[in-house]
$ cat start01.cif   # mmCIF, C-alpha atoms
data_target
loop_
_atom_site.label_atom_id
_atom_site.label_comp_id
_atom_site.auth_asym_id
_atom_site.auth_seq_id
_atom_site.Cartn_x
_atom_site.Cartn_y
_atom_site.Cartn_z
CA MET W 1 56.86 -34.96 21.82
CA GLY W 2 58.45 -37.21 24.43
CA PHE W 3 61.54 -37.91 22.35
CA LEU W 4 62.45 -34.20 22.46
CA ALA W 5 63.08 -34.55 26.17
CA ASN W 6 66.20 -36.55 25.30
CA TYR W 7 67.85 -33.43 23.85
CA SER W 8 69.02 -30.24 25.48
CA LEU W 9 67.56 -26.88 24.45
CA PRO W 10 70.81 -25.73 22.74
CA THR W 11 70.87 -28.93 20.70
CA LEU W 12 67.27 -28.44 19.62
CA LEU W 13 67.93 -24.82 18.69
CA ILE W 14 70.97 -25.76 16.61
CA GLY W 15 68.97 -28.50 14.92
CA ALA W 16 66.14 -26.10 14.05
CA ALA W 17 68.63 -23.49 12.80
CA THR W 18 70.35 -26.12 10.66
CA ILE W 19 67.05 -27.12 9.04
CA ALA W 20 66.20 -23.46 8.41
CA CYS W 21 69.59 -22.81 6.83
CA ILE W 22 69.37 -25.91 4.63
CA VAL W 23 65.92 -24.80 3.42
CA HIS W 24 67.37 -21.33 2.72
CA LEU W 25 70.33 -22.91 0.91
CA ILE W 26 68.12 -25.01 -1.36
CA ARG W 27 65.61 -22.24 -2.11
CA THR W 28 68.30 -19.69 -2.98
CA GLY W 29 70.61 -22.04 -4.86
CA ARG W 30 73.64 -21.85 -2.57
CA ASN W 31 76.59 -24.20 -2.92
CA MET W 32 75.61 -27.62 -1.55
CA MET W 33 78.99 -27.94 0.18
CA TRP W 34 77.60 -25.71 2.91
CA ILE W 35 75.47 -28.64 4.11
CA TRP W 36 78.58 -30.68 4.90
CA LEU W 37 80.10 -27.78 6.83
CA MET W 38 76.90 -27.32 8.87
CA LEU W 39 76.72 -31.03 9.66
CA ILE W 40 80.41 -31.51 10.43
CA ALA W 41 80.73 -28.36 12.55
CA PRO W 42 77.15 -27.48 13.57
CA GLY W 43 77.76 -24.31 15.58
CA ILE W 44 80.65 -22.83 13.59
CA GLY W 45 79.20 -23.95 10.26
CA LEU W 46 75.86 -22.26 10.95
CA LEU W 47 77.56 -19.06 12.07
CA VAL W 48 79.80 -18.91 8.99
CA TYR W 49 76.86 -19.65 6.67
CA PHE W 50 74.78 -16.92 8.28
CA ILE W 51 77.54 -14.32 8.04
CA ILE W 52 78.51 -15.10 4.43
CA GLU W 53 75.21 -16.06 2.84
CA VAL W 54 72.23 -14.90 4.94
CA TRP W 55 73.30 -11.58 6.43
CA PRO W 56 74.19 -9.88 3.10
CA ASP W 57 70.75 -10.81 1.76
CA LEU W 58 69.05 -9.40 4.85
CA ARG W 59 70.94 -6.13 4.46
CA ALA W 60 70.22 -5.94 0.72
CA GLY W 61 66.56 -6.85 1.12
CA ARG W 62 66.30 -9.80 -1.32
CA ALA W 63 62.50 -9.90 -0.96
CA GLY W 64 62.16 -6.50 -2.58
CA GLY W 65 65.56 -6.50 -4.12
CA LEU W 66 65.20 -6.16 -7.79
CA GLU W 67 67.67 -3.29 -7.68
CA LEU W 68 71.10 -4.81 -7.21
CA LYS W 69 72.95 -2.35 -9.40
CA ILE W 70 76.67 -2.20 -8.67
CA PRO W 71 78.96 0.57 -9.92
CA GLU W 72 82.14 -1.46 -10.31
CA THR W 73 82.93 -2.57 -13.86
CA SER W 74 86.68 -3.18 -13.94
CA GLY W 75 88.14 -6.46 -15.13
CA ARG W 76 89.47 -7.05 -11.62
CA VAL W 77 85.99 -6.74 -10.14
CA ILE W 78 84.50 -9.02 -12.79
CA LYS W 79 87.15 -11.65 -12.09
CA ARG W 80 86.42 -11.43 -8.35
CA LEU W 81 82.70 -11.89 -8.96
CA GLN W 82 83.39 -14.87 -11.21
CA GLU W 83 85.49 -16.48 -8.47
CA GLU W 84 82.81 -15.80 -5.86
CA LEU W 85 80.18 -17.35 -8.12
CA GLU W 86 82.20 -20.57 -8.37
CA PHE W 87 82.17 -20.87 -4.57
CA SER W 88 78.61 -19.68 -3.98
CA ASN W 89 76.37 -20.08 -7.02
CA THR W 90 73.42 -17.90 -5.99
CA VAL W 91 70.90 -15.84 -7.90
CA LYS W 92 72.16 -12.64 -6.25
CA LYS W 93 75.81 -13.25 -7.14
CA ARG W 94 74.92 -14.26 -10.69
CA VAL W 95 72.93 -11.04 -11.10
CA GLU W 96 75.83 -8.99 -9.73
CA LEU W 97 78.21 -10.58 -12.23
CA ALA W 98 75.80 -10.08 -15.11
CA GLN W 99 75.36 -6.43 -14.19
CA ALA W 100 79.12 -5.90 -14.02
CA LEU W 101 79.56 -7.55 -17.43
CA ALA W 102 76.75 -5.46 -18.92
CA SER W 103 78.26 -2.27 -17.48
CA ALA W 104 81.52 -3.23 -19.21
CA LYS W 105 79.55 -3.66 -22.48
CA ARG W 106 80.22 -7.41 -22.45
CA PHE W 107 76.58 -8.09 -23.23
CA ASP W 108 76.87 -11.61 -24.67
CA GLU W 109 78.65 -12.80 -21.53
CA ALA W 110 76.09 -11.06 -19.34
CA THR W 111 73.25 -12.71 -21.22
CA GLU W 112 74.86 -16.14 -20.94
CA THR W 113 75.51 -15.64 -17.22
CA LEU W 114 71.79 -15.09 -16.64
CA ALA W 115 70.54 -17.67 -19.16
CA VAL W 116 72.52 -20.45 -17.48
CA SER W 117 70.48 -19.94 -14.32
CA LEU W 118 67.10 -19.72 -16.02
CA ARG W 119 66.77 -23.48 -15.92
CA GLY W 120 65.49 -26.06 -13.48
CA VAL W 121 64.32 -24.62 -10.17
CA PHE W 122 65.18 -21.06 -11.30
CA LYS W 123 63.53 -21.35 -14.71
CA ASP W 124 60.91 -18.72 -13.81
CA ASP W 125 62.91 -16.64 -11.35
CA PRO W 126 61.55 -13.07 -11.70
CA LEU W 127 64.81 -11.37 -10.72
CA LEU W 128 66.85 -13.24 -13.33
CA THR W 129 64.21 -12.72 -16.00
CA LEU W 130 64.01 -8.98 -15.35
CA GLU W 131 67.79 -8.64 -15.36
CA LEU W 132 67.89 -10.52 -18.67
CA ALA W 133 65.35 -8.09 -20.10
CA GLU W 134 67.49 -5.14 -19.02
CA VAL W 135 70.66 -6.63 -20.49
CA HIS W 136 68.84 -7.16 -23.81
CA PHE W 137 67.73 -3.52 -23.81
CA GLU W 138 71.18 -2.17 -22.98
CA ALA W 139 72.61 -4.37 -25.73
CA GLY W 140 70.28 -2.75 -28.26
CA ARG W 141 67.83 -5.64 -28.44
CA PRO W 142 64.48 -4.06 -27.42
CA ALA W 143 62.38 -6.83 -28.97
CA GLU W 144 64.16 -9.44 -26.85
CA ALA W 145 63.71 -7.21 -23.80
CA LEU W 146 59.96 -7.09 -24.41
CA ALA W 147 59.83 -10.85 -24.84
CA ALA W 148 61.46 -11.34 -21.42
CA LEU W 149 59.05 -8.86 -19.85
CA GLU W 150 56.11 -10.71 -21.40
CA THR W 151 57.38 -13.85 -19.69
CA LEU W 152 57.06 -12.05 -16.35
CA ASP W 153 53.52 -10.95 -17.26
CA ARG W 154 52.55 -14.55 -18.06
CA MET W 155 53.96 -15.60 -14.70
CA LYS W 156 51.74 -12.92 -13.10
CA SER W 157 54.80 -11.71 -11.23
CA LYS W 158 54.32 -8.48 -9.29
CA ASP W 159 58.02 -7.94 -8.58
CA GLY W 160 59.60 -4.71 -9.83
CA ARG W 161 56.38 -3.41 -11.36
CA GLN W 162 57.57 0.17 -11.92
CA ARG W 163 60.94 -0.96 -13.22
CA ARG W 164 59.24 -3.27 -15.69
CA LEU W 165 56.81 -0.61 -16.91
CA LEU W 166 59.66 1.81 -17.58
CA LEU W 167 61.74 -0.80 -19.35
CA ALA W 168 58.77 -1.80 -21.50
CA ALA W 169 58.08 1.86 -22.30
CA ARG W 170 61.68 2.50 -23.33
CA SER W 171 61.77 -0.66 -25.43
CA LEU W 172 58.52 0.23 -27.19
CA HIS W 173 59.78 3.76 -27.83
CA THR W 174 63.00 2.38 -29.34
CA LEU W 175 60.89 0.21 -31.64
CA GLY W 176 58.81 3.22 -32.69
CA ARG W 177 55.66 1.98 -30.95
CA ASN W 178 55.12 5.36 -29.34
CA ASP W 179 51.43 5.14 -28.41
CA GLU W 180 52.11 1.99 -26.41
CA ALA W 181 55.25 3.55 -24.94
CA ARG W 182 53.31 6.63 -23.77
CA GLU W 183 50.75 4.43 -22.04
CA ARG W 184 53.48 2.57 -20.13
CA PHE W 185 55.27 5.77 -19.15
CA GLU W 186 52.03 7.31 -17.86
CA THR W 187 51.08 4.18 -15.93
CA ALA W 188 54.54 4.08 -14.34
CA LEU W 189 54.13 7.72 -13.28
CA GLU W 190 50.75 6.96 -11.70
CA GLN W 191 52.40 4.23 -9.62
CA ALA W 192 55.63 6.17 -9.02
CA SER W 193 57.62 5.71 -5.82
CA GLY W 194 60.37 8.05 -7.04
CA GLU W 195 61.05 10.64 -9.70
CA GLU W 196 62.42 8.38 -12.44
CA PRO W 197 59.03 7.85 -14.15
CA ARG W 198 58.39 11.62 -14.26
CA CYS W 199 61.81 12.25 -15.77
CA ARG W 200 61.52 9.38 -18.26
CA LEU W 201 58.10 10.58 -19.41
CA ALA W 202 59.40 14.14 -19.81
CA GLN W 203 62.33 12.88 -21.89
CA PHE W 204 59.91 10.87 -24.03
CA LEU W 205 57.76 13.99 -24.55
CA VAL W 206 60.85 15.93 -25.62
CA ALA W 207 61.48 13.28 -28.26
CA GLN W 208 57.85 13.68 -29.37
CA ARG W 209 58.39 17.47 -29.57
CA GLU W 210 55.77 18.05 -26.88
CA THR W 211 57.99 20.61 -25.22
CA ASP W 212 55.40 22.37 -23.05
CA ALA W 213 54.28 19.12 -21.42
CA ALA W 214 57.90 18.03 -20.99
CA ARG W 215 58.85 21.36 -19.42
CA ALA W 216 55.97 21.10 -16.96
CA LEU W 217 57.13 17.65 -15.81
CA PHE W 218 60.76 18.73 -15.44
CA GLU W 219 59.69 21.77 -13.42
CA GLU W 220 57.41 19.65 -11.23
CA LEU W 221 60.29 17.27 -10.54
CA LEU W 222 62.52 20.16 -9.47
CA ARG W 223 59.76 21.58 -7.22
CA ASN W 224 59.45 18.18 -5.56
CA ALA W 225 63.21 18.15 -5.05
CA LYS W 226 63.15 21.60 -3.49
CA GLN W 227 60.37 20.62 -1.09
CA GLY W 228 61.71 17.13 -0.37
CA GLY W 229 64.25 16.33 2.31
CA GLY W 230 67.84 15.23 2.01
CA VAL W 231 66.93 11.55 1.70
CA PHE W 232 64.55 12.34 -1.16
CA ARG W 233 67.20 14.37 -2.99
CA ARG W 234 69.88 11.72 -2.54
CA HIS W 235 67.56 8.99 -3.75
CA ASN W 236 66.60 11.00 -6.84
CA ARG W 237 69.93 12.72 -7.49
CA ALA W 238 70.31 11.37 -11.03
CA TRP W 239 66.78 12.40 -12.04
CA ILE W 240 67.11 15.86 -10.54
CA ALA W 241 70.28 16.37 -12.58
CA ALA W 242 68.57 15.01 -15.70
CA ALA W 243 65.62 17.36 -15.19
CA LYS W 244 67.97 20.35 -14.96
CA ASP W 245 69.70 19.23 -18.15
CA GLY W 246 66.32 18.71 -19.81
CA LEU W 247 65.17 22.21 -18.97
CA ALA W 248 68.45 23.66 -20.14
CA GLY W 249 68.04 21.83 -23.44
CA LEU W 250 64.54 23.22 -23.89
CA GLY W 251 65.68 26.79 -23.26
CA LYS W 252 63.41 29.49 -21.90
CA GLY W 253 59.70 28.93 -22.33
#
$ encode --input "start01.cif" --output "structure tokens"
Amino acid sequence: MGFLANYSLPTLLIGAATIACIVHLIRTGRNMMWIWLMLIAPGIGLLVYFIIEVWPDLRAGRAGGLELKIPETSGRVIKRLQEELEFSNTVKKRVELAQALASAKRFDEATETLAVSLRGVFKDDPLLTLELAEVHFEAGRPAEALAALETLDRMKSKDGRQRRLLLAARSLHTLGRNDEARERFETALEQASGEEPRCRLAQFLVAQRETDAARALFEELLRNAKQGGGVFRRHNRAWIAAAKDGLAGLGKG
């Protein structure tokens, strides 16, 4: 360790931070030009990289972040995301672009945006694979959605377990494989961290004309909403509204 004595503590800290950022850059697929900036201007380059590339991921929670849904779907927003992707080709930005394209019903472009990344080091990326499955489903291709989900199962990925179960259930239901769909819906409800699985199962039961069971689930969801706090209700706003609509559609029991 004697050679370290030749360097000041700030220099050592900057060196360690540079190595950490380069590892982050490689693992997350950032633009390699960042390395030159960090080497040419060590302090400023590291700060800029952290602000632009690291901090947004920390706020979004990339480790558990299989829910990157963005509401913007305009052509202007899509163009901005395409430009950002050219500068910083990351998994997160590619997913954001694919989601925006899918929301605009540009499914072929969304599929291609994700497929391009499912190569090389990101060939088995669980986030990209799950997003691809969802795009296939939204495009009316449930069989392709199931195939992508089966890839995740073979990888033994544990990411987005509930989301995957629900997507598999909806795909199976669309294909008329209702016994398998019911099993997935029920498993998702057992593992539920929110009210979506309860609402999805109730909607499935409505389609199966099991109205009493569906009504019970909708009513349970609304009781949970009444007893839950503001955070709970905000998080489950869409499913609370869907449960009310579901009950209204069933009429009085």
$ atom_distance --input "start01.cif" --atom1 "atom CA of W:Ala110" --atom2 "atom CA of W:Val135"
7.1 Å
$ residues_around --input "start01.cif" --residues "W:Thr187" --least-positions-apart "4" --cutoff "9 Å" --atoms "only C-alpha atoms" --output "PDB file with C-alpha atoms, in the frame of the given file"
ATOM      1  CA  GLN W 162      57.570   0.170 -11.920  1.00  0.00           C
ATOM      2  CA  LEU W 165      56.810  -0.610 -16.910  1.00  0.00           C
ATOM      3  CA  ARG W 182      53.310   6.630 -23.770  1.00  0.00           C
ATOM      4  CA  GLU W 183      50.750   4.430 -22.040  1.00  0.00           C
ATOM      5  CA  GLN W 191      52.400   4.230  -9.620  1.00  0.00           C
ATOM      6  CA  ALA W 192      55.630   6.170  -9.020  1.00  0.00           C
ATOM      7  CA  PRO W 197      59.030   7.850 -14.150  1.00  0.00           C
TER       8      PRO W 197
END
$ atom_distance --input "start01.cif" --atom1 "atom CA of W:Thr18" --atom2 "atom CA of W:Thr90"
18.8 Å
$ atom_distance --input "start01.cif" --atom1 "atom CA of W:Leu127" --atom2 "atom CA of W:Pro142"
18.2 Å
$ resolve_selection --input "start01.cif" --expression "the PyMOL selection byres ((chain W and resi 240) around 10)" --output "ChimeraX atom specification"
/W:195-196,199,218-219,221-226,233-239,241-246
$ resolve_selection --input "start01.cif" --expression "the PyMOL selection byres ((chain W and resi 164) around 12)" --output "VMD selection string"
chain W and resid 66 to 67 126 to 127 129 to 134 137 145 to 153 157 to 163 165 to 171 184 to 185 187 to 188 191 197
$ closest_residue --input "start01.cif" --among "W:Leu250, W:Val23, W:Lys105, W:Leu13" --to "W:Ala214" --atoms "only C-alpha atoms"
W:Leu250
$ closest_residue --input "start01.cif" --among "W:Val48, W:Arg94, W:Val231, W:His173" --to "W:Ala207" --atoms "all atoms listed in the file"
W:His173
$ closest_residue --input "start01.cif" --among "W:Leu39, W:Leu128, W:Glu84, W:Arg76" --to "W:Ala115" --atoms "all atoms listed in the file"
W:Leu128
$ closest_residue --input "start01.cif" --among "W:Asp179, W:Glu83, W:Glu138, W:Asp125" --to "W:Thr111" --atoms "only C-alpha atoms"
W:Glu138
